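Source file: structure.tsv (TSV, C-alpha atoms and all ligand atoms)
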chain	number	residue	atom	x	y	z
A	11	MET	CA	-8.82	-3.55	-20.75
A	12	ASN	CA	-5.23	-4.75	-20.16
A	13	ILE	CA	-3.51	-3.54	-17.00
A	14	LEU	CA	0.13	-3.82	-15.95
A	15	LEU	CA	0.69	-4.10	-12.19
A	16	THR	CA	4.31	-3.33	-11.32
A	17	GLY	CA	5.04	-4.91	-7.93
A	18	GLY	CA	1.89	-6.97	-8.46
A	19	ALA	CA	3.15	-9.90	-6.36
A	20	GLY	CA	3.42	-7.73	-3.23
A	21	TYR	CA	0.92	-7.20	-0.43
A	22	ILE	CA	-1.29	-4.50	-1.96
A	23	GLY	CA	-0.61	-5.51	-5.59
A	24	SER	CA	-1.76	-9.11	-5.09
A	25	HIS	CA	-5.02	-8.05	-3.42
A	26	THR	CA	-5.62	-5.48	-6.16
A	27	ALA	CA	-5.01	-8.21	-8.74
A	28	VAL	CA	-7.93	-10.16	-7.22
A	29	ALA	CA	-10.30	-7.16	-7.31
A	30	LEU	CA	-9.34	-6.20	-10.88
A	31	SER	CA	-9.39	-9.70	-12.32
A	32	GLN	CA	-12.79	-10.38	-10.77
A	33	ALA	CA	-14.05	-7.15	-12.35
A	34	GLY	CA	-13.02	-8.44	-15.79
A	35	TYR	CA	-9.66	-6.72	-16.37
A	36	GLU	CA	-6.83	-8.65	-18.05
A	37	LEU	CA	-3.69	-8.42	-15.93
A	38	VAL	CA	0.06	-8.70	-16.25
A	39	LEU	CA	2.18	-8.59	-13.10
A	40	LEU	CA	5.78	-7.41	-13.27
A	41	ASP	CA	7.86	-8.10	-10.17
A	42	ASN	CA	11.47	-8.77	-9.27
A	43	PHE	CA	10.38	-10.57	-6.06
A	44	CYS	CA	12.77	-8.54	-3.89
A	45	ASN	CA	10.01	-8.37	-1.26
A	46	SER	CA	7.61	-11.11	-2.30
A	47	ASN	CA	7.59	-14.75	-3.21
A	48	PRO	CA	6.67	-16.29	-6.58
A	49	SER	CA	4.41	-18.73	-4.69
A	50	VAL	CA	1.89	-15.88	-4.37
A	51	LEU	CA	1.12	-16.44	-8.08
A	52	GLU	CA	-0.12	-19.98	-7.47
A	53	ARG	CA	-2.23	-18.76	-4.60
A	54	LEU	CA	-3.66	-15.94	-6.72
A	55	GLN	CA	-4.50	-18.40	-9.49
A	56	LYS	CA	-6.26	-20.58	-6.93
A	57	ILE	CA	-8.43	-17.64	-5.83
A	58	LEU	CA	-9.16	-16.56	-9.40
A	59	GLY	CA	-9.53	-20.04	-10.89
A	60	LYS	CA	-7.51	-19.03	-13.96
A	61	PRO	CA	-3.90	-18.45	-15.01
A	62	LEU	CA	-2.27	-15.08	-14.49
A	63	HIS	CA	0.51	-13.55	-16.60
A	64	CYS	CA	3.63	-12.60	-14.70
A	65	VAL	CA	6.91	-11.17	-15.97
A	66	GLU	CA	9.84	-11.57	-13.62
A	67	GLY	CA	12.02	-8.47	-13.83
A	68	ASP	CA	12.91	-5.05	-12.57
A	69	VAL	CA	10.93	-1.92	-13.31
A	70	ARG	CA	14.27	-0.13	-13.82
A	71	ASP	CA	14.86	-2.33	-16.87
A	72	THR	CA	13.25	0.09	-19.35
A	73	SER	CA	13.56	-2.23	-22.34
A	74	LEU	CA	11.85	-5.08	-20.46
A	75	VAL	CA	9.02	-2.76	-19.38
A	76	THR	CA	8.71	-1.43	-22.96
A	77	LYS	CA	8.55	-4.97	-24.34
A	78	THR	CA	5.95	-5.96	-21.74
A	79	LEU	CA	3.74	-2.94	-22.51
A	80	ARG	CA	3.87	-3.79	-26.24
A	81	GLU	CA	3.52	-7.55	-25.97
A	82	TYR	CA	0.47	-7.45	-23.70
A	83	LYS	CA	-1.10	-4.37	-25.38
A	84	ILE	CA	-1.30	-2.60	-22.03
A	85	ASP	CA	-3.88	0.22	-21.67
A	86	ALA	CA	-3.02	1.41	-18.14
A	87	VAL	CA	-0.44	0.83	-15.42
A	88	ILE	CA	-0.74	0.63	-11.63
A	89	HIS	CA	2.69	1.27	-10.18
A	90	PHE	CA	3.14	-0.50	-6.82
A	91	ALA	CA	6.80	-1.53	-7.24
A	92	GLY	CA	9.05	0.13	-4.71
A	93	LEU	CA	10.73	-0.18	-1.35
A	94	LYS	CA	8.66	0.88	1.65
A	95	ALA	CA	10.47	0.49	4.99
A	96	VAL	CA	10.91	3.90	6.62
A	97	GLY	CA	13.80	2.88	8.92
A	98	GLU	CA	15.69	1.15	6.11
A	99	SER	CA	15.24	4.22	3.89
A	100	VAL	CA	17.10	6.32	6.44
A	101	GLU	CA	20.01	3.87	6.38
A	102	LYS	CA	19.97	3.24	2.62
A	103	PRO	CA	18.67	6.41	0.95
A	104	ILE	CA	20.45	5.75	-2.34
A	105	GLU	CA	18.75	2.35	-2.66
A	106	TYR	CA	15.40	3.99	-1.99
A	107	TYR	CA	15.85	6.80	-4.51
A	108	THR	CA	17.19	4.37	-7.12
A	109	ASN	CA	14.40	1.89	-6.69
A	110	ASN	CA	11.50	4.27	-6.19
A	111	VAL	CA	12.40	7.41	-8.17
A	112	GLN	CA	14.57	5.86	-10.90
A	113	GLY	CA	12.13	2.96	-11.17
A	114	THR	CA	9.30	5.42	-11.86
A	115	ILE	CA	11.38	7.34	-14.43
A	116	SER	CA	12.12	4.07	-16.21
A	117	LEU	CA	8.42	3.18	-16.25
A	118	LEU	CA	7.47	6.65	-17.58
A	119	GLU	CA	10.06	6.37	-20.36
A	120	ALA	CA	8.66	3.02	-21.42
A	121	MET	CA	5.06	4.29	-21.23
A	122	GLU	CA	5.92	7.37	-23.33
A	123	LEU	CA	7.68	5.22	-25.92
A	124	VAL	CA	4.71	2.89	-26.33
A	125	GLY	CA	2.04	5.58	-25.92
A	126	VAL	CA	0.47	4.24	-22.71
A	127	LYS	CA	-0.60	7.31	-20.76
A	128	LYS	CA	-2.85	6.10	-17.94
A	129	LEU	CA	-1.14	5.64	-14.59
A	130	VAL	CA	-2.21	5.00	-11.01
A	131	PHE	CA	0.61	5.49	-8.51
A	132	SER	CA	0.93	4.05	-4.98
A	133	SER	CA	1.57	7.10	-2.81
A	134	SER	CA	1.22	7.36	0.93
A	135	ALA	CA	-0.15	9.46	3.77
A	136	THR	CA	3.48	9.87	4.75
A	137	VAL	CA	3.63	12.77	2.24
A	138	TYR	CA	1.68	14.86	4.79
A	139	GLY	CA	4.52	14.63	7.34
A	140	ASN	CA	3.38	15.55	10.85
A	141	PRO	CA	-0.30	16.57	10.39
A	142	GLN	CA	-1.07	20.22	11.11
A	143	TYR	CA	-4.80	19.47	11.36
A	144	LEU	CA	-7.10	16.44	11.33
A	145	PRO	CA	-8.60	14.81	9.43
A	146	VAL	CA	-5.93	15.28	6.78
A	147	ASP	CA	-7.35	16.41	3.45
A	148	GLU	CA	-5.57	16.49	0.10
A	149	ALA	CA	-4.93	20.25	0.44
A	150	HIS	CA	-2.86	19.67	3.58
A	151	PRO	CA	0.73	20.89	3.08
A	152	THR	CA	3.14	18.12	2.11
A	153	GLY	CA	6.49	17.39	3.67
A	154	ALA	CA	8.64	14.39	4.47
A	155	THR	CA	10.77	13.36	7.40
A	156	ASN	CA	12.65	10.45	5.83
A	157	ALA	CA	14.01	9.21	2.48
A	158	TYR	CA	11.03	6.91	1.85
A	159	GLY	CA	8.54	9.76	2.25
A	160	ARG	CA	10.70	12.10	0.19
A	161	SER	CA	10.92	9.52	-2.62
A	162	LYS	CA	7.09	9.44	-2.72
A	163	LEU	CA	6.94	13.26	-2.76
A	164	HIS	CA	9.54	13.50	-5.54
A	165	ILE	CA	7.58	10.99	-7.61
A	166	GLU	CA	4.29	12.83	-7.06
A	167	GLU	CA	5.90	16.11	-8.20
A	168	MET	CA	7.52	14.43	-11.17
A	169	LEU	CA	4.18	12.93	-12.20
A	170	LYS	CA	2.55	16.35	-11.94
A	171	ASP	CA	5.14	17.77	-14.39
A	172	VAL	CA	4.55	14.88	-16.77
A	173	ALA	CA	0.77	15.36	-16.66
A	174	ASN	CA	1.22	19.12	-17.26
A	175	SER	CA	3.41	18.47	-20.29
A	176	ASN	CA	0.74	16.75	-22.37
A	177	SER	CA	-3.01	16.53	-21.80
A	178	ALA	CA	-3.01	12.92	-23.01
A	179	TRP	CA	-1.57	11.84	-19.64
A	180	LYS	CA	-4.05	10.71	-17.00
A	181	ILE	CA	-2.33	10.22	-13.65
A	182	ILE	CA	-3.71	9.56	-10.17
A	183	CYS	CA	-1.62	9.34	-7.01
A	184	LEU	CA	-3.46	7.35	-4.37
A	185	ARG	CA	-2.34	8.33	-0.89
A	186	TYR	CA	-2.84	5.18	1.18
A	187	PHE	CA	-3.32	5.40	4.94
A	188	ASN	CA	-2.54	2.19	6.91
A	189	PRO	CA	-3.39	-0.97	4.95
A	190	VAL	CA	-4.18	-4.01	7.11
A	191	GLY	CA	-5.95	-7.38	6.89
A	192	ALA	CA	-5.92	-9.97	4.14
A	193	HIS	CA	-8.09	-11.58	1.49
A	194	GLU	CA	-10.97	-13.58	2.99
A	195	SER	CA	-9.63	-16.84	1.46
A	196	GLY	CA	-6.64	-16.79	3.84
A	197	LEU	CA	-4.44	-17.54	0.82
A	198	ILE	CA	-2.80	-14.14	0.43
A	199	GLY	CA	-1.88	-11.56	3.04
A	200	GLU	CA	0.97	-9.53	4.40
A	201	ASP	CA	4.20	-11.42	4.89
A	202	PRO	CA	6.65	-9.13	6.57
A	203	GLY	CA	9.43	-11.69	6.30
A	204	ASP	CA	11.38	-10.17	9.16
A	205	ILE	CA	10.34	-8.78	12.56
A	206	PRO	CA	7.48	-6.50	11.45
A	207	GLY	CA	7.80	-2.75	11.80
A	208	ASN	CA	4.05	-2.21	11.36
A	209	LEU	CA	1.55	-2.65	14.14
A	210	MET	CA	-0.99	-5.22	12.92
A	211	PRO	CA	1.49	-7.82	11.64
A	212	TYR	CA	3.39	-7.46	14.92
A	213	ILE	CA	0.21	-7.99	16.96
A	214	ALA	CA	-0.58	-11.03	14.77
A	215	LEU	CA	2.77	-12.61	15.63
A	216	VAL	CA	2.28	-11.95	19.33
A	217	ALA	CA	-1.21	-13.51	19.17
A	218	SER	CA	0.22	-16.56	17.38
A	219	GLY	CA	2.91	-16.95	20.03
A	220	LYS	CA	5.82	-16.29	17.65
A	221	LEU	CA	6.76	-13.10	19.48
A	222	PRO	CA	6.46	-12.78	23.28
A	223	SER	CA	4.94	-9.31	23.62
A	224	LEU	CA	4.11	-6.10	21.82
A	225	ASN	CA	6.14	-2.97	22.40
A	226	VAL	CA	3.73	-0.04	22.53
A	227	PHE	CA	5.68	3.00	21.43
A	228	GLY	CA	4.50	5.72	23.82
A	229	ASN	CA	1.37	6.33	25.86
A	230	ASP	CA	1.85	10.05	26.37
A	231	TYR	CA	0.49	11.36	23.06
A	232	PRO	CA	-2.40	13.83	23.27
A	233	THR	CA	-4.86	11.10	22.19
A	234	PRO	CA	-7.77	9.59	24.19
A	235	ASP	CA	-5.66	6.71	25.62
A	236	GLY	CA	-2.24	8.27	25.03
A	237	THR	CA	-1.17	5.80	22.32
A	238	GLY	CA	-0.68	6.57	18.61
A	239	VAL	CA	-3.77	6.88	16.42
A	240	ARG	CA	-3.94	5.82	12.76
A	241	ASP	CA	-6.45	5.22	9.98
A	242	TYR	CA	-6.39	1.43	9.32
A	243	ILE	CA	-7.93	0.42	6.01
A	244	HIS	CA	-8.74	-3.16	4.97
A	245	VAL	CA	-6.50	-4.12	2.05
A	246	MET	CA	-9.49	-5.31	-0.02
A	247	ASP	CA	-11.13	-1.88	0.40
A	248	LEU	CA	-7.86	-0.41	-0.81
A	249	ALA	CA	-7.83	-2.85	-3.73
A	250	GLU	CA	-11.34	-1.75	-4.72
A	251	GLY	CA	-10.14	1.87	-4.53
A	252	HIS	CA	-7.75	1.05	-7.40
A	253	LEU	CA	-10.61	-0.38	-9.41
A	254	ALA	CA	-12.54	2.86	-8.89
A	255	ALA	CA	-9.45	4.91	-9.83
A	256	LEU	CA	-9.02	3.00	-13.10
A	257	GLU	CA	-12.65	3.60	-13.99
A	258	TYR	CA	-12.27	7.30	-13.17
A	259	LEU	CA	-9.20	7.58	-15.41
A	260	SER	CA	-11.16	6.84	-18.58
A	261	GLY	CA	-13.08	10.11	-18.46
A	262	TYR	CA	-10.32	12.30	-17.07
A	263	SER	CA	-7.14	14.11	-17.97
A	264	GLY	CA	-4.35	15.54	-15.80
A	265	TRP	CA	-2.96	14.80	-12.32
A	266	ASP	CA	-4.76	14.17	-9.07
A	267	ALA	CA	-3.84	13.02	-5.57
A	268	ILE	CA	-6.58	11.28	-3.59
A	269	ASN	CA	-6.64	9.88	-0.04
A	270	LEU	CA	-7.61	6.25	0.43
A	271	GLY	CA	-8.49	5.77	4.08
A	272	VAL	CA	-11.49	5.03	6.27
A	273	GLY	CA	-11.69	8.43	7.96
A	274	LEU	CA	-11.53	6.89	11.45
A	275	GLY	CA	-8.74	7.11	14.00
A	276	ILE	CA	-7.89	3.93	15.94
A	277	SER	CA	-5.34	3.80	18.76
A	278	VAL	CA	-2.70	1.13	19.37
A	279	LEU	CA	-4.63	-0.13	22.41
A	280	ASP	CA	-7.93	-0.16	20.44
A	281	LEU	CA	-6.27	-2.39	17.86
A	282	VAL	CA	-4.79	-4.67	20.52
A	283	SER	CA	-8.19	-5.18	22.11
A	284	ALA	CA	-9.95	-5.76	18.75
A	285	TYR	CA	-7.33	-8.38	17.77
A	286	LYS	CA	-7.49	-10.02	21.18
A	287	LYS	CA	-11.26	-10.39	20.91
A	288	ILE	CA	-11.13	-11.85	17.38
A	289	SER	CA	-8.21	-14.24	17.98
A	290	GLY	CA	-9.19	-15.29	21.50
A	291	ARG	CA	-5.47	-15.11	22.34
A	292	LYS	CA	-3.57	-13.16	24.93
A	293	ILE	CA	-1.68	-10.15	23.58
A	294	PRO	CA	0.76	-9.06	26.28
A	295	PHE	CA	2.24	-5.61	25.79
A	296	GLU	CA	4.75	-3.32	27.37
A	297	ILE	CA	4.76	0.48	27.19
A	298	LEU	CA	8.03	1.85	25.82
A	299	GLU	CA	9.28	5.29	24.86
A	300	ARG	CA	7.89	6.93	21.72
A	301	ARG	CA	9.42	5.58	18.50
A	302	GLN	CA	11.76	8.12	16.94
A	303	GLY	CA	10.14	10.05	14.11
A	304	ASP	CA	6.61	8.85	14.97
A	305	ILE	CA	3.63	11.15	14.75
A	306	GLY	CA	0.83	11.10	17.35
A	307	GLU	CA	-2.24	10.89	15.15
A	308	CYS	CA	-3.16	10.73	11.51
A	309	TRP	CA	-6.42	9.94	9.82
A	310	ALA	CA	-7.92	10.85	6.50
A	311	LYS	CA	-10.59	13.10	5.18
A	312	VAL	CA	-12.13	10.81	2.62
A	313	ASP	CA	-14.66	13.03	0.85
A	314	MET	CA	-12.60	13.47	-2.31
A	315	ALA	CA	-12.41	9.72	-2.91
A	316	TYR	CA	-16.18	9.53	-2.67
A	317	GLU	CA	-16.81	12.61	-4.84
A	318	ARG	CA	-14.35	11.69	-7.60
A	319	LEU	CA	-14.18	7.90	-7.50
A	320	GLN	CA	-17.57	7.06	-5.93
A	321	TRP	CA	-15.56	4.84	-3.62
A	322	ARG	CA	-15.56	4.53	0.12
A	323	ALA	CA	-14.15	1.92	2.51
A	324	LYS	CA	-16.79	-0.56	3.72
A	325	ARG	CA	-15.00	-3.06	5.92
A	326	SER	CA	-14.67	-2.78	9.72
A	327	ILE	CA	-11.51	-3.03	11.82
A	328	GLU	CA	-12.94	-6.26	13.30
A	329	LEU	CA	-13.07	-7.77	9.80
A	330	SER	CA	-9.48	-6.66	9.18
A	331	CYS	CA	-8.40	-8.46	12.37
A	332	GLN	CA	-10.45	-11.53	11.45
A	333	ASP	CA	-8.94	-11.76	7.93
A	334	SER	CA	-5.41	-11.14	9.20
A	335	TRP	CA	-5.85	-13.86	11.83
A	336	ARG	CA	-7.25	-16.33	9.29
A	337	TYR	CA	-4.21	-15.72	7.08
A	338	ILE	CA	-1.81	-16.28	9.97
A	339	CYS	CA	-3.61	-19.44	11.11
A	340	SER	CA	-4.26	-21.05	7.73
A	341	ASN	CA	-1.14	-20.07	5.90
A	342	GLY	CA	1.49	-19.32	8.49
A	343	LEU	CA	4.34	-17.06	7.54
A	344	ARG	CA	6.85	-17.86	4.82
A	345	LYS	CA	9.94	-17.04	6.76
A	346	ASN	CA	10.79	-18.12	10.26
A	347	ILE	CA	11.11	-15.31	12.72
B	1	LIG	P1	5.33	-4.92	-0.98
B	1	LIG	O1	6.78	-4.80	-0.66
B	1	LIG	O2	4.56	-6.03	-0.42
B	1	LIG	O3	5.13	-4.92	-2.56
B	1	LIG	C1	6.00	-4.26	-3.46
B	1	LIG	C2	6.33	-5.23	-4.58
B	1	LIG	O4	7.19	-4.58	-5.50
B	1	LIG	C3	7.08	-6.48	-4.06
B	1	LIG	O5	6.49	-7.64	-4.61
B	1	LIG	C4	8.51	-6.29	-4.58
B	1	LIG	O6	9.14	-7.51	-4.85
B	1	LIG	C5	8.27	-5.45	-5.84
B	1	LIG	N1	9.39	-4.59	-6.23
B	1	LIG	C6	10.08	-3.72	-5.46
B	1	LIG	N2	11.00	-3.07	-6.20
B	1	LIG	C7	10.87	-3.53	-7.48
B	1	LIG	C8	11.51	-3.23	-8.70
B	1	LIG	N3	12.49	-2.34	-8.77
B	1	LIG	N4	11.10	-3.88	-9.81
B	1	LIG	C9	10.11	-4.80	-9.77
B	1	LIG	N5	9.46	-5.13	-8.64
B	1	LIG	C10	9.84	-4.49	-7.50
B	1	LIG	O7	4.68	-3.51	-0.57
B	1	LIG	P2	3.14	-3.10	-0.51
B	1	LIG	O8	2.77	-2.94	0.92
B	1	LIG	O9	2.33	-3.98	-1.37
B	1	LIG	O10	3.25	-1.65	-1.11
B	1	LIG	C11	3.00	-1.39	-2.50
B	1	LIG	C12	3.21	0.09	-2.75
B	1	LIG	O11	2.36	0.83	-1.89
B	1	LIG	C13	4.63	0.58	-2.46
B	1	LIG	O12	4.99	1.51	-3.45
B	1	LIG	C14	4.51	1.24	-1.11
B	1	LIG	O13	5.46	2.27	-0.94
B	1	LIG	C15	3.10	1.80	-1.17
B	1	LIG	N6	2.50	1.99	0.16
B	1	LIG	C16	2.43	0.94	1.03
B	1	LIG	C17	1.89	1.13	2.31
B	1	LIG	C18	1.85	-0.01	3.32
B	1	LIG	O14	1.74	0.26	4.51
B	1	LIG	N7	1.90	-1.27	2.90
B	1	LIG	C19	1.41	2.40	2.69
B	1	LIG	C20	1.47	3.43	1.77
B	1	LIG	C21	2.03	3.22	0.50
B	2	LIG	N1	3.36	0.79	16.96
B	2	LIG	C1	3.64	0.21	18.21
B	2	LIG	N2	4.34	-0.93	18.24
B	2	LIG	C2	4.81	-1.55	17.14
B	2	LIG	C3	4.53	-0.97	15.86
B	2	LIG	C4	3.81	0.20	15.83
B	2	LIG	O1	3.22	0.75	19.23
B	2	LIG	O2	5.48	-2.59	17.24
B	2	LIG	C5	2.54	2.02	16.89
B	2	LIG	C6	3.25	3.20	16.24
B	2	LIG	O3	3.98	3.93	17.21
B	2	LIG	C7	2.07	3.97	15.65
B	2	LIG	C8	1.07	2.87	15.27
B	2	LIG	O4	1.44	1.74	16.05
B	2	LIG	O5	1.46	4.78	16.64
B	2	LIG	C9	1.11	2.49	13.78
B	2	LIG	O6	2.46	2.18	13.42
B	2	LIG	P1	2.81	1.59	11.98
B	2	LIG	O7	4.30	1.47	11.92
B	2	LIG	O8	1.99	0.38	11.72
B	2	LIG	O9	2.29	2.71	10.96
B	2	LIG	P2	2.82	4.20	10.70
B	2	LIG	O10	3.44	4.72	11.96
B	2	LIG	O11	3.79	4.09	9.59
B	2	LIG	O12	1.60	4.97	10.32
Would you write the structure of this file as structure tokens?
Amino acid sequence: MNILLTGGAGYIGSHTAVALSQAGYELVLLDNFCNSNPSVLERLQKILGKPLHCVEGDVRDTSLVTKTLREYKIDAVIHFAGLKAVGESVEKPIEYYTNNVQGTISLLEAMELVGVKKLVFSSSATVYGNPQYLPVDEAHPTGATNAYGRSKLHIEEMLKDVANSNSAWKIICLRYFNPVGAHESGLIGEDPGDIPGNLMPYIALVASGKLPSLNVFGNDYPTPDGTGVRDYIHVMDLAEGHLAALEYLSGYSGWDAINLGVGLGISVLDLVSAYKKISGRKIPFEILERRQGDIGECWAKVDMAYERLQWRAKRSIELSCQDSWRYICSNGLRKNI
């Protein structure tokens, strides 16, 4: 089976490429490298021991996507390409809607033209807004507090309409919780490029001495230690979730949204102490005010993923820290902070 991975050179796309290729799928990556580096392709080929097809281009270029779908006889698409920084989305909403929403429309047009009707979409737990109950299941009301989250919600709704229009469409929205860690080879991982907004890459830079200390955003949440609680999922577990979703698509028709998480809440301080233990480094931190727009806790109910996809996360938070640390130590970071 031939699969197109839009945004396949990015953090989650590259790890999914490993899982899919090792399971026997033929892959084509399409990426404009706006948030990744072409050198990831060499590193992927090193892990896989074989060449990988990559088309450099933008998912909004409908004729390029159409040509790619035809040329490589694509059977299904996993759509990772998009912008993902919450803060930036508030400052540049037009860029976010253009890239994320218009990018998806362009992809759908190309897929319709060529007759490719299987799609897995990278959605996010952010579509649940501030959780009304925990763990968050797929029936939880949706809502968004920023342009990034709203772009994901718009896309999900749009995909639902498309699936309702013709039973040949098979569409799954995977709602990721907090992806962390790296491939065990240490060759690919998360390269934030700038000062990281997310917790684990920030902790990694503090442990490596590149940043002096971690700012802990609030210790007055109603959580066991007062700091924010999230559901951190190893990126290779997430990658395998895509494999399970592709397999599920073959015997299915319609639209579905499924959580991909571990089902466990971990606090900021829990993560600091796990990373400290694994790295053997000091991780100084300072307690600051809550970050604007942050929620206290969010973790997933994961039963649907198991019932429908026969998938569940297997890797521990310690392994996530270990793999992240190996990536930082063996590979360093591309850009200087
Ligand atoms: P990433 O930025 O590492 O990867 C995205 C890739 O898409 C990059 O390689 C980038 O160059 C490419 N890209 C962006 N716009 C493009 C365009 N218009 N045309 C072609 N390529 C384009 O991000 P990631 O963490 O791998 O996230 C992948 C997807 O998962 C995104 O849609 C993101 O919103 C979603 N997601 C990520 C997280 C997370 O915490 N990492 C959580 C939930 C959902
Ligand atoms: N966080 C923090 N310091 C940081 C980055 C994040 O204390 O430098 C906290 C944040 O307030 C939240 C948790 O870590 O409670 C996870 O934040 P992240 O941005 O990684 O994920 P998200 O909030 O998008 O789920």
Report task. Kindly work out which residues sit at most 8 Å from ligand LIG 1 (chain B), using only C-alpha atoms and all ligand atoms, and give the list as a ChimeraX atom specification. Result -> /A:16-24,40-47,66-70,89-95,109-110,113,131-136,158,162,185-190,200-202,208
Query raised in the report: Which neighbours of region 233-241 of chain A fall inside 10 Å, counting all atoms listed in the file, when residues of the same chain fewer than 4 positions from it are skipped, and could you give them as number ranges by chain?
Result: A: 135, 145, 186-190, 226-229, 270-281, 297, 300, 304-310, 327
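Among A:Ile293, A:Val126, A:Leu118, A:Ile268, the residue with the shortest atom-to-atom distance to Pro222 (chain A), counting all atoms listed in the file, is A:Ile293.
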Query - Selection: 12 Å around Ile104 (chain A), all atoms listed in the file, excl. self and same-chain fewer than 3 positions, as a list in words - result: Leu93, Glu98, Ser99, Val100, Glu101, Tyr107, Thr108, Asn109, Asn110, Val111, Gln112, Ala157, Tyr158, Arg160 and Ser161 of chain A
Please give the centre and size of the box around region 231-237 of chain A (axis-aligned, containing every atom listed in the file, 8 Å added per side), with values in Å to one decimal and written as lines of an AutoDock Vina configuration file.
center_x = -3.6
center_y = 9.8
center_z = 23.9
size_x = 24.3
size_y = 24.0
size_z = 19.4
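Shortest separation to Val124 (chain A) among A:Glu105, A:Asp85, A:Glu36, A:Asp71 occurs at residue A:Asp85, atoms counted being all atoms listed in the file.
For the atom pair formed by CA of Thr152 (chain A) and CA of Ser263 (chain A), the distance is 22.9 Å, given to one decimal.
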Query - Residue nearest ligand LIG 2 (chain B) - candidates A:Val96, A:Ile338, A:Ile243, A:Met11, atoms counted: all atoms listed in the file - result: A:Val96
Query raised in the report: So how far away is CA of Trp179 (chain A) from CA of Ile13 (chain A), in Å?
Result: 15.7 Å
Query - Near-Ala214 (chain A) list (12 Å; only C-alpha atoms; drop same-chain fewer than 2 positions) as a ChimeraX atom specification - result: /A:190-192,199-202,205-206,208-212,216-224,281-282,284-286,288-294,330-339,342-343
Report summary line: Here atom O9 of ligand LIG 2 (chain B) and CA of Leu14 (chain A) stand apart by 27.8 Å
Query - Residue among A:Gln320, A:Asn140, A:Ser326, A:Thr72 lying closest to ligand LIG 2 (chain B), counting all atoms listed in the file - result: A:Asn140
Query - Nearest-residue call for Ser31 (chain A), choices A:Tyr242, A:Tyr262, A:Leu253, A:Asp204, using all atoms listed in the file - result: A:Leu253
Query raised in the report: Can you list, as a list of chain:residue names, every protein, DNA or RNA residue that comes within 12 Å of Leu319 (chain A) when you count only C-alpha atoms, leaving out same-chain residues fewer than 6 positions away?
Result: A:Ile182, A:Leu184, A:Glu250, A:Gly251, A:His252, A:Leu253, A:Ala254, A:Ala255, A:Leu256, A:Glu257, A:Tyr258, A:Leu259, A:Ser260, A:Gly261, A:Tyr262, A:Asp266, A:Ala267, A:Ile268, A:Asn269, A:Leu270, A:Val312, A:Asp313
Report task. Extract, using only C-alpha atoms, all DNA, RNA and protein residues at most 8 Å from Lys127 (chain A), discarding same-chain residues fewer than 3 positions from it, and format them as a ChimeraX atom specification. Result -> /A:85-86,121-122,178-181
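Proximity ranking of A:Asn225, A:Ser73, A:Gln32, A:Thr155 relative to ligand LIG 2 (chain B) places A:Asn225 first, based on only C-alpha atoms and all ligand atoms.
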